[in-house]
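Asks: Here's a structure for you.
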Amino acid sequence: MLTSLTDSRWWSSGRRRRTALVCVVTAGMLSASVIYANAANAAVPTFPDNIIIFPERDFISIDGYDAHKGELATVEVYRDGVGVVGSATGTLAGGSPSLEINHPGGVCWGAGTGLGVTPDILPGDKVTVKVGGQALGDATAQDATVADIAAGPSSELNGTTLIVRGHLGPNVIRNQIEQRIVNRDLTATDVGRRDVTANTPTLTRGPKGGYSSMLQVAGDTFTATYQFDTAATAEVAANGLKIAMSWQVADLDGNQQGLTTSEFGELGGPGMGGCPNGPLKTGPPAPSNVTAVRSGDGTSIKLTWTPAAAAPGTPAITGYRVTAVADTTSGAGEQVEIGKRLSNPGATGTTITGLATSESYTVELRSVSGAGETFPVKSVRPLNPGEDTIPPTVAATPAGGTFSVPQTVTLTANETGSEIYYSLAGASLTSGDLLSNDPSITRYTGPFMVAQTAKLTYVAFDPSGNVSQQGEQRFTITNDPVPAAPSFTGTPAVGTGSVTLNWSAPAPGAPGLTIDGYSVQVYNADETAAGPARTTAGDVTSLVVDGLTGDTPYLFTVRAKNVNGYGPESAKLGPVTPKGALAANAGPDQSGIIRGTNVGLDGGASTQNGVTYSWEQVLSGPNDPNKVILNGATTLTPSFTYPLFQYPMTNNPLTFRLTVSDGMITRTDDVMVSNQPDTVTIATGRYRARTELRLDGSGTRAGATITIHSGSLDGPVLGRA
């Protein structure tokens, strides 16, 4: 149903009713769903949840997800071959709309994610809604647009006939498209509503009269033809917003799921004040961690920086432009500029020379790409000689020691722009404040391998020329093979103050070697070690880690050992939170429940001594049609009868909350119960005015009741069978 809302909320978000008589399956086994010939992406939301994409306005509207009302959702736009090109977070409000991105009343792109760009949404981009890292649903932007095509211009008015043309991509389902024209001035014409629609292959009269329309498809084009009753109405329509609508799934009620609404002539970019520009409206980001130091004689400025990365979906950075701007302004209003253009996008610095010793300068730094240059420019004031007298520090990771395999070493200085040099021959790296000329000295450009026993020395020079103390680490590489890193398997079982871990045995290191044991390290949430490692003997691939603090998150790693010693740690597992002294556990989620059967809930894994229990159904409101009656709501194992479907019920999962209390502390846990979707297929329908309505079809279960309403689902009941 096209809802008449505000000017900015005209799109279809409810049920589309195609007939005056509405057939509803009620008080029986069948829920309102239908089998379609088209195979649909399983991740496309089901009504009343939906994702609506407005590619021209780079605008996303999320409907429903009432079960997650009040929770923080992340919306991402993913492009094949590029990755995430736009993202934002916002709180789901439930209903329609539940959350909007880049639209007044909603949130801007980049909100809560740091990706400060409004994506230019293109056909094929996938929009995903996530809560807590779990994807709730996604939709793909469809390639259906009003456009100039070979057959003619996008629209053409001739008297009372209006033609609208457009393009269809190969993946657009041809029987799941509409063309609409929206103009609120149409309500004052004989059309009697603010929009006209073309969606049938032959001329069909409008719902309130005033026009007839048809939509015809030929290859990759569509043509919508409107025949208006008057030329004046045709002209009003010709001045309206022309839209191509396409969707991925249509359900029994005609709800358009995974809907793309392409609006001809609308502009992209930020949809409201304060939102970030589109990817091509602002130049590339500037380099970060910029330092600038003037030479002792004042004739040059040395700059260092971290190279910039282009925003996703924008042209690659091709280089940089660096300019020293003199402070002095001449009588003619001119300032001297001296600079360089760098064509290397990976450049980490440069030196500007030829400066006047008596002049002060500001350095401006810009990245360059096909989208232009950084705006606003990055400006820094260079440090003058003598302003920085503090030497840098430099550290090696890992520190020296005895290792059974070669080690990859990383050197890190505490001052951005510092140059680091090292030697694996134990050379003395400096002579006074200058670098020595020993041939074993190498400039550090990234992590390097220590493949054999060596004495590592290293030193750093900051941009001001200050030199660090020389560091030294001794590495002994025995080249005795140790086991590879194990991998955790399954979901950890949590107990009161304990976690049960399982992992897979790794390769033991070499033929003939065996794994002699494992070491499990527990980490706090901040990744600091939580006590000494726990060890096992033999090739035992599970461990109960006890003595943990309940209701506290932990991380875990495991590593294996053989006769040569321990191998590397596994990837961290977690966070995993053991139960506290008081625990509420509502049991595992249940799915595939047949309507009309009894369902038992089980809180048996909760604390069972000296506590009280209370179960409740989490409802969307006081009139939630899915409300059930819980028997034994103050016991560990209540039950209810899953009711037979009857409008206005939905097939959304039911959520139940268990509350456990000892009088001082309260714990809660939720469990979700979802029904097995039954289906009904109506093969034919025949109607004889005032005397007969015959429906032929089938359902997956017997005993359903068909209820006939007049006009709408809320209309008078005409009969049941």
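Here, A, B, ... name the chains of the structure tokens in the order displayed, residue numbers run from 1 inside each chain, and ligands are numbered from 1 in the same displayed order.
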Need to verify the contact set: A:Pro508, 10 Å, only C-alpha atoms, exclusion of same-chain residues closer than 3 positions in sequence. Can you return it as an mmCIF file with all heavy atoms, in the first residue's frame?
Replies:
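The result, stored in out37.cif:
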data_model
loop_
_atom_site.group_PDB
_atom_site.id
_atom_site.type_symbol
_atom_site.label_atom_id
_atom_site.label_comp_id
_atom_site.auth_asym_id
_atom_site.auth_seq_id
_atom_site.Cartn_x
_atom_site.Cartn_y
_atom_site.Cartn_z
ATOM 1 N N PRO A 481 62.721 -27.489 15.454
ATOM 2 C CA PRO A 481 61.310 -27.281 15.091
ATOM 3 C C PRO A 481 60.387 -27.482 16.282
ATOM 4 O O PRO A 481 60.551 -28.427 17.064
ATOM 5 C CB PRO A 481 61.054 -28.311 14.001
ATOM 6 C CG PRO A 481 62.106 -29.351 14.194
ATOM 7 C CD PRO A 481 63.304 -28.639 14.734
ATOM 8 N N VAL A 482 59.445 -26.577 16.432
ATOM 9 C CA VAL A 482 58.435 -26.654 17.489
ATOM 10 C C VAL A 482 57.070 -26.783 16.826
ATOM 11 O O VAL A 482 56.922 -26.559 15.622
ATOM 12 C CB VAL A 482 58.487 -25.389 18.381
ATOM 13 C CG1 VAL A 482 59.784 -25.336 19.145
ATOM 14 C CG2 VAL A 482 58.278 -24.127 17.547
ATOM 15 N N PRO A 483 56.031 -27.144 17.580
ATOM 16 C CA PRO A 483 54.703 -27.298 16.980
ATOM 17 C C PRO A 483 54.174 -25.977 16.418
ATOM 18 O O PRO A 483 54.563 -24.886 16.846
ATOM 19 C CB PRO A 483 53.840 -27.786 18.144
ATOM 20 C CG PRO A 483 54.800 -28.364 19.125
ATOM 21 C CD PRO A 483 56.044 -27.546 18.994
ATOM 22 N N ALA A 484 53.267 -26.113 15.451
ATOM 23 C CA ALA A 484 52.557 -24.941 14.936
ATOM 24 C C ALA A 484 51.542 -24.481 15.976
ATOM 25 O O ALA A 484 51.338 -25.114 17.012
ATOM 26 C CB ALA A 484 51.876 -25.291 13.611
ATOM 27 N N ALA A 485 50.886 -23.358 15.699
ATOM 28 C CA ALA A 485 49.882 -22.821 16.633
ATOM 29 C C ALA A 485 48.597 -23.646 16.543
ATOM 30 O O ALA A 485 48.108 -23.916 15.448
ATOM 31 C CB ALA A 485 49.589 -21.364 16.314
ATOM 32 N N ALA A 505 44.645 -30.302 17.550
ATOM 33 C CA ALA A 505 46.087 -30.513 17.666
ATOM 34 C C ALA A 505 46.782 -30.021 16.402
ATOM 35 O O ALA A 505 46.374 -30.347 15.290
ATOM 36 C CB ALA A 505 46.390 -31.993 17.886
ATOM 37 N N PRO A 511 58.489 -34.587 11.151
ATOM 38 C CA PRO A 511 58.237 -36.028 11.258
ATOM 39 C C PRO A 511 59.031 -36.632 12.406
ATOM 40 O O PRO A 511 60.198 -36.300 12.640
ATOM 41 C CB PRO A 511 58.717 -36.561 9.895
ATOM 42 C CG PRO A 511 58.593 -35.397 8.970
ATOM 43 C CD PRO A 511 58.921 -34.196 9.790
ATOM 44 N N GLY A 512 58.371 -37.520 13.133
ATOM 45 C CA GLY A 512 59.021 -38.177 14.255
ATOM 46 C C GLY A 512 58.844 -37.478 15.578
ATOM 47 O O GLY A 512 59.124 -38.062 16.628
ATOM 48 N N LEU A 513 58.405 -36.201 15.574
ATOM 49 C CA LEU A 513 58.177 -35.469 16.815
ATOM 50 C C LEU A 513 56.728 -35.644 17.265
ATOM 51 O O LEU A 513 55.834 -35.883 16.453
ATOM 52 C CB LEU A 513 58.486 -33.987 16.630
ATOM 53 C CG LEU A 513 59.946 -33.634 16.318
ATOM 54 C CD1 LEU A 513 60.088 -32.134 16.104
ATOM 55 C CD2 LEU A 513 60.872 -34.107 17.435
ATOM 56 N N THR A 514 56.490 -35.507 18.548
ATOM 57 C CA THR A 514 55.137 -35.591 19.098
ATOM 58 C C THR A 514 54.891 -34.401 20.011
ATOM 59 O O THR A 514 55.826 -33.789 20.539
ATOM 60 C CB THR A 514 54.949 -36.888 19.910
ATOM 61 O OG1 THR A 514 55.902 -36.912 20.976
ATOM 62 C CG2 THR A 514 55.116 -38.112 19.022
ATOM 63 N N ILE A 515 53.628 -34.109 20.206
ATOM 64 C CA ILE A 515 53.250 -33.035 21.122
ATOM 65 C C ILE A 515 53.220 -33.597 22.533
ATOM 66 O O ILE A 515 52.562 -34.607 22.806
ATOM 67 C CB ILE A 515 51.894 -32.434 20.724
ATOM 68 C CG1 ILE A 515 52.025 -31.719 19.374
ATOM 69 C CG2 ILE A 515 51.389 -31.469 21.791
ATOM 70 C CD1 ILE A 515 50.734 -31.177 18.837
ATOM 71 N N ASP A 516 53.928 -32.928 23.440
ATOM 72 C CA ASP A 516 54.051 -33.401 24.816
ATOM 73 C C ASP A 516 53.093 -32.704 25.768
ATOM 74 O O ASP A 516 52.928 -33.142 26.911
ATOM 75 C CB ASP A 516 55.486 -33.183 25.319
ATOM 76 C CG ASP A 516 56.504 -33.926 24.463
ATOM 77 O OD1 ASP A 516 56.160 -35.000 23.931
ATOM 78 O OD2 ASP A 516 57.631 -33.413 24.314
ATOM 79 N N ALA A 560 51.278 -25.281 21.854
ATOM 80 C CA ALA A 560 51.702 -26.669 22.056
ATOM 81 C C ALA A 560 53.213 -26.742 22.210
ATOM 82 O O ALA A 560 53.941 -25.853 21.748
ATOM 83 C CB ALA A 560 51.245 -27.517 20.870
ATOM 84 N N LYS A 561 53.693 -27.836 22.867
ATOM 85 C CA LYS A 561 55.136 -28.018 22.996
ATOM 86 C C LYS A 561 55.531 -29.428 22.579
ATOM 87 O O LYS A 561 54.753 -30.384 22.660
ATOM 88 C CB LYS A 561 55.600 -27.735 24.422
ATOM 89 C CG LYS A 561 55.248 -28.824 25.425
ATOM 90 C CD LYS A 561 55.943 -28.571 26.763
ATOM 91 C CE LYS A 561 55.628 -29.682 27.761
ATOM 92 N NZ LYS A 561 56.350 -29.516 29.031
ATOM 93 N N ASN A 562 56.765 -29.533 22.101
ATOM 94 C CA ASN A 562 57.387 -30.830 21.882
ATOM 95 C C ASN A 562 58.725 -30.846 22.609
ATOM 96 O O ASN A 562 58.983 -29.987 23.464
ATOM 97 C CB ASN A 562 57.513 -31.144 20.385
ATOM 98 C CG ASN A 562 58.383 -30.118 19.646
ATOM 99 O OD1 ASN A 562 59.176 -29.390 20.265
ATOM 100 N ND2 ASN A 562 58.242 -30.056 18.343
ATOM 101 N N VAL A 563 59.587 -31.751 22.275
ATOM 102 C CA VAL A 563 60.859 -31.869 22.974
ATOM 103 C C VAL A 563 61.724 -30.628 22.829
ATOM 104 O O VAL A 563 62.597 -30.351 23.666
ATOM 105 C CB VAL A 563 61.619 -33.127 22.470
ATOM 106 C CG1 VAL A 563 62.047 -32.957 21.030
ATOM 107 C CG2 VAL A 563 62.804 -33.456 23.381
ATOM 108 N N GLY A 567 55.697 -23.897 20.883
ATOM 109 C CA GLY A 567 55.493 -23.191 19.631
ATOM 110 C C GLY A 567 54.741 -21.890 19.858
ATOM 111 O O GLY A 567 54.513 -21.467 21.000
#
Asks: Could you give me, as a PyMOL selection string, the residues within 7 Å of A:Thr489, counting only C-alpha atoms and dropping anything in the same chain fewer than 5 positions from it?
Replies: chain A and resi 502-504
Asks: Sorted by chain and rising residue number, list the residues of stretch 510-600 of chain A at most 12 Å from stretch 645-648 of chain A (counting only C-alpha atoms), each with its closest atom pair and distance in Å to one decimal, as a tab-separated table.
Replies:
residue	atom	partner	partner_atom	distance
A:Ile594	CA	A:Phe645	CA	10.7
A:Arg595	CA	A:Phe645	CA	7.5
A:Gly596	CA	A:Phe645	CA	8.9
Asks: For A:Pro170, which residue out of A:Asp220, A:Leu424, A:Asn277, A:Thr140 is the nearest one, using only C-alpha atoms?
Replies: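 The closest residue to A:Pro170 is A:Asp220.
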Asks: Would you mind listing what lies within 10 Å of A:Thr668 as a PDB file with N, CA and C atoms, in the first residue's frame, with only C-alpha atoms counted and same-chain residues fewer than 6 positions away left out?
Replies:
ATOM      1  N   ALA A 583      23.435 -16.985  38.509  1.00  0.00           N
ATOM      2  CA  ALA A 583      23.395 -17.088  37.053  1.00  0.00           C
ATOM      3  C   ALA A 583      21.970 -17.315  36.583  1.00  0.00           C
ATOM      4  N   ALA A 584      21.614 -16.640  35.490  1.00  0.00           N
ATOM      5  CA  ALA A 584      20.340 -16.871  34.795  1.00  0.00           C
ATOM      6  C   ALA A 584      20.659 -17.447  33.430  1.00  0.00           C
ATOM      7  N   ASN A 585      20.063 -18.586  33.120  1.00  0.00           N
ATOM      8  CA  ASN A 585      20.280 -19.222  31.824  1.00  0.00           C
ATOM      9  C   ASN A 585      18.935 -19.711  31.323  1.00  0.00           C
ATOM     10  N   ALA A 586      18.413 -19.039  30.302  1.00  0.00           N
ATOM     11  CA  ALA A 586      17.081 -19.348  29.782  1.00  0.00           C
ATOM     12  C   ALA A 586      17.094 -20.486  28.780  1.00  0.00           C
ATOM     13  N   SER A 606      20.409 -22.455  35.388  1.00  0.00           N
ATOM     14  CA  SER A 606      20.516 -21.287  36.262  1.00  0.00           C
ATOM     15  C   SER A 606      20.847 -21.727  37.691  1.00  0.00           C
ATOM     16  N   TYR A 613      12.552 -17.285  40.686  1.00  0.00           N
ATOM     17  CA  TYR A 613      12.538 -17.250  39.228  1.00  0.00           C
ATOM     18  C   TYR A 613      11.291 -16.515  38.755  1.00  0.00           C
ATOM     19  N   SER A 614      11.432 -15.828  37.658  1.00  0.00           N
ATOM     20  CA  SER A 614      10.287 -15.151  37.050  1.00  0.00           C
ATOM     21  C   SER A 614      10.498 -15.097  35.545  1.00  0.00           C
ATOM     22  N   TRP A 615       9.560 -15.664  34.792  1.00  0.00           N
ATOM     23  CA  TRP A 615       9.602 -15.626  33.326  1.00  0.00           C
ATOM     24  C   TRP A 615       8.566 -14.627  32.822  1.00  0.00           C
ATOM     25  N   ARG A 657      12.027 -13.861  28.707  1.00  0.00           N
ATOM     26  CA  ARG A 657      13.108 -13.420  29.589  1.00  0.00           C
ATOM     27  C   ARG A 657      12.976 -14.098  30.950  1.00  0.00           C
ATOM     28  N   LEU A 658      14.066 -14.715  31.395  1.00  0.00           N
ATOM     29  CA  LEU A 658      14.139 -15.316  32.724  1.00  0.00           C
ATOM     30  C   LEU A 658      14.892 -14.376  33.655  1.00  0.00           C
ATOM     31  N   THR A 659      14.285 -14.073  34.803  1.00  0.00           N
ATOM     32  CA  THR A 659      14.918 -13.254  35.832  1.00  0.00           C
ATOM     33  C   THR A 659      15.157 -14.114  37.065  1.00  0.00           C
ATOM     34  N   VAL A 660      16.404 -14.150  37.509  1.00  0.00           N
ATOM     35  CA  VAL A 660      16.784 -14.913  38.708  1.00  0.00           C
ATOM     36  C   VAL A 660      17.283 -13.917  39.749  1.00  0.00           C
ATOM     37  N   SER A 661      16.794 -14.019  40.981  1.00  0.00           N
ATOM     38  CA  SER A 661      17.169 -13.054  42.021  1.00  0.00           C
ATOM     39  C   SER A 661      17.387 -13.779  43.344  1.00  0.00           C
TER      40      SER A 661
END
Asks: Considering only C-alpha atoms, return as a list in words whatever protein or nucleic-acid residues lie within 8 Å of stretch 333-350 of chain A, sequence-local ones (same chain, fewer than 3 positions apart) excluded.
Replies: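 So the residues in contact are Lys302, Leu303, Thr304, Trp305, Thr306, Pro307, Ala308, Ile317, Thr318, Gly319, Tyr320, Arg321, Val322, Thr323, Ala324, Val325, Ala326, Asp327, Thr328, Thr329, Ser330, Gly354 and Leu355 of chain A.
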Asks: Go ahead and save the residues from that selection, with N, CA, C and O atoms, as a PDB file, in the first residue's frame.
Replies:
ATOM      1  N   LYS A 302      62.806  20.001   6.869  1.00  0.00           N
ATOM      2  CA  LYS A 302      62.667  18.570   6.643  1.00  0.00           C
ATOM      3  C   LYS A 302      61.311  18.116   7.177  1.00  0.00           C
ATOM      4  O   LYS A 302      60.957  18.379   8.329  1.00  0.00           O
ATOM      5  N   LEU A 303      60.535  17.407   6.294  1.00  0.00           N
ATOM      6  CA  LEU A 303      59.209  16.933   6.674  1.00  0.00           C
ATOM      7  C   LEU A 303      59.179  15.412   6.634  1.00  0.00           C
ATOM      8  O   LEU A 303      59.791  14.789   5.766  1.00  0.00           O
ATOM      9  N   THR A 304      58.441  14.820   7.579  1.00  0.00           N
ATOM     10  CA  THR A 304      58.146  13.393   7.548  1.00  0.00           C
ATOM     11  C   THR A 304      56.663  13.209   7.843  1.00  0.00           C
ATOM     12  O   THR A 304      56.045  14.045   8.505  1.00  0.00           O
ATOM     13  N   TRP A 305      56.089  12.112   7.348  1.00  0.00           N
ATOM     14  CA  TRP A 305      54.667  11.846   7.566  1.00  0.00           C
ATOM     15  C   TRP A 305      54.378  10.367   7.351  1.00  0.00           C
ATOM     16  O   TRP A 305      55.216   9.623   6.833  1.00  0.00           O
ATOM     17  N   THR A 306      53.165   9.975   7.735  1.00  0.00           N
ATOM     18  CA  THR A 306      52.647   8.646   7.415  1.00  0.00           C
ATOM     19  C   THR A 306      51.778   8.775   6.169  1.00  0.00           C
ATOM     20  O   THR A 306      50.866   9.601   6.147  1.00  0.00           O
ATOM     21  N   PRO A 307      52.039   7.985   5.120  1.00  0.00           N
ATOM     22  CA  PRO A 307      51.269   8.132   3.877  1.00  0.00           C
ATOM     23  C   PRO A 307      49.770   8.003   4.114  1.00  0.00           C
ATOM     24  O   PRO A 307      49.314   7.270   4.994  1.00  0.00           O
ATOM     25  N   ALA A 308      49.006   8.731   3.312  1.00  0.00           N
ATOM     26  CA  ALA A 308      47.547   8.732   3.429  1.00  0.00           C
ATOM     27  C   ALA A 308      46.956   7.544   2.682  1.00  0.00           C
ATOM     28  O   ALA A 308      47.572   6.980   1.779  1.00  0.00           O
ATOM     29  N   ILE A 317      45.348   7.601  -4.206  1.00  0.00           N
ATOM     30  CA  ILE A 317      46.247   8.740  -4.040  1.00  0.00           C
ATOM     31  C   ILE A 317      47.470   8.518  -4.924  1.00  0.00           C
ATOM     32  O   ILE A 317      48.063   7.437  -4.938  1.00  0.00           O
ATOM     33  N   THR A 318      47.827   9.556  -5.680  1.00  0.00           N
ATOM     34  CA  THR A 318      48.946   9.438  -6.626  1.00  0.00           C
ATOM     35  C   THR A 318      50.199  10.163  -6.154  1.00  0.00           C
ATOM     36  O   THR A 318      51.263  10.000  -6.753  1.00  0.00           O
ATOM     37  N   GLY A 319      50.097  10.990  -5.117  1.00  0.00           N
ATOM     38  CA  GLY A 319      51.270  11.711  -4.637  1.00  0.00           C
ATOM     39  C   GLY A 319      50.885  12.826  -3.687  1.00  0.00           C
ATOM     40  O   GLY A 319      49.768  12.851  -3.150  1.00  0.00           O
ATOM     41  N   TYR A 320      51.796  13.787  -3.517  1.00  0.00           N
ATOM     42  CA  TYR A 320      51.606  14.850  -2.540  1.00  0.00           C
ATOM     43  C   TYR A 320      52.138  16.172  -3.089  1.00  0.00           C
ATOM     44  O   TYR A 320      53.007  16.194  -3.971  1.00  0.00           O
ATOM     45  N   ARG A 321      51.589  17.273  -2.572  1.00  0.00           N
ATOM     46  CA  ARG A 321      52.103  18.607  -2.877  1.00  0.00           C
ATOM     47  C   ARG A 321      52.436  19.286  -1.559  1.00  0.00           C
ATOM     48  O   ARG A 321      51.569  19.403  -0.681  1.00  0.00           O
ATOM     49  N   VAL A 322      53.703  19.699  -1.410  1.00  0.00           N
ATOM     50  CA  VAL A 322      54.207  20.287  -0.170  1.00  0.00           C
ATOM     51  C   VAL A 322      54.695  21.693  -0.466  1.00  0.00           C
ATOM     52  O   VAL A 322      55.496  21.902  -1.386  1.00  0.00           O
ATOM     53  N   THR A 323      54.208  22.661   0.310  1.00  0.00           N
ATOM     54  CA  THR A 323      54.543  24.062   0.051  1.00  0.00           C
ATOM     55  C   THR A 323      54.876  24.769   1.355  1.00  0.00           C
ATOM     56  O   THR A 323      54.141  24.630   2.344  1.00  0.00           O
ATOM     57  N   ALA A 324      56.004  25.528   1.358  1.00  0.00           N
ATOM     58  CA  ALA A 324      56.342  26.414   2.476  1.00  0.00           C
ATOM     59  C   ALA A 324      55.870  27.818   2.111  1.00  0.00           C
ATOM     60  O   ALA A 324      56.298  28.383   1.094  1.00  0.00           O
ATOM     61  N   VAL A 325      54.949  28.391   2.895  1.00  0.00           N
ATOM     62  CA  VAL A 325      54.363  29.700   2.622  1.00  0.00           C
ATOM     63  C   VAL A 325      54.962  30.722   3.589  1.00  0.00           C
ATOM     64  O   VAL A 325      54.860  30.564   4.817  1.00  0.00           O
ATOM     65  N   ALA A 326      55.584  31.750   3.053  1.00  0.00           N
ATOM     66  CA  ALA A 326      56.208  32.786   3.883  1.00  0.00           C
ATOM     67  C   ALA A 326      55.157  33.573   4.648  1.00  0.00           C
ATOM     68  O   ALA A 326      54.060  33.828   4.133  1.00  0.00           O
ATOM     69  N   ASP A 327      55.498  33.968   5.877  1.00  0.00           N
ATOM     70  CA  ASP A 327      54.563  34.757   6.683  1.00  0.00           C
ATOM     71  C   ASP A 327      54.409  36.175   6.158  1.00  0.00           C
ATOM     72  O   ASP A 327      53.336  36.783   6.261  1.00  0.00           O
ATOM     73  N   THR A 328      55.484  36.736   5.600  1.00  0.00           N
ATOM     74  CA  THR A 328      55.475  38.140   5.192  1.00  0.00           C
ATOM     75  C   THR A 328      54.600  38.344   3.968  1.00  0.00           C
ATOM     76  O   THR A 328      54.701  37.595   2.980  1.00  0.00           O
ATOM     77  N   THR A 329      53.735  39.363   4.039  1.00  0.00           N
ATOM     78  CA  THR A 329      52.884  39.733   2.911  1.00  0.00           C
ATOM     79  C   THR A 329      53.378  41.051   2.338  1.00  0.00           C
ATOM     80  O   THR A 329      53.564  42.037   3.070  1.00  0.00           O
ATOM     81  N   SER A 330      53.609  41.078   1.017  1.00  0.00           N
ATOM     82  CA  SER A 330      54.105  42.293   0.371  1.00  0.00           C
ATOM     83  C   SER A 330      53.004  43.341   0.300  1.00  0.00           C
ATOM     84  O   SER A 330      51.833  43.062   0.577  1.00  0.00           O
ATOM     85  N   GLY A 354      66.080  26.245  -0.096  1.00  0.00           N
ATOM     86  CA  GLY A 354      66.046  27.581  -0.693  1.00  0.00           C
ATOM     87  C   GLY A 354      65.249  28.594   0.090  1.00  0.00           C
ATOM     88  O   GLY A 354      64.757  29.580  -0.474  1.00  0.00           O
ATOM     89  N   LEU A 355      65.106  28.389   1.409  1.00  0.00           N
ATOM     90  CA  LEU A 355      64.326  29.305   2.233  1.00  0.00           C
ATOM     91  C   LEU A 355      65.175  30.501   2.663  1.00  0.00           C
ATOM     92  O   LEU A 355      66.401  30.409   2.786  1.00  0.00           O
TER      93      LEU A 355
END
Asks: Have a look at atom CA of A:Gly70 and atom CA of A:Phe54 and let me know their distance in Å, one decimal.
Replies: 24.4 Å
Asks: Between atom CA of A:Gly471 and atom CA of A:Gly446, measure the distance and give it in Å to one decimal.
Replies: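 Between these atoms lies a distance of 17.1 Å.
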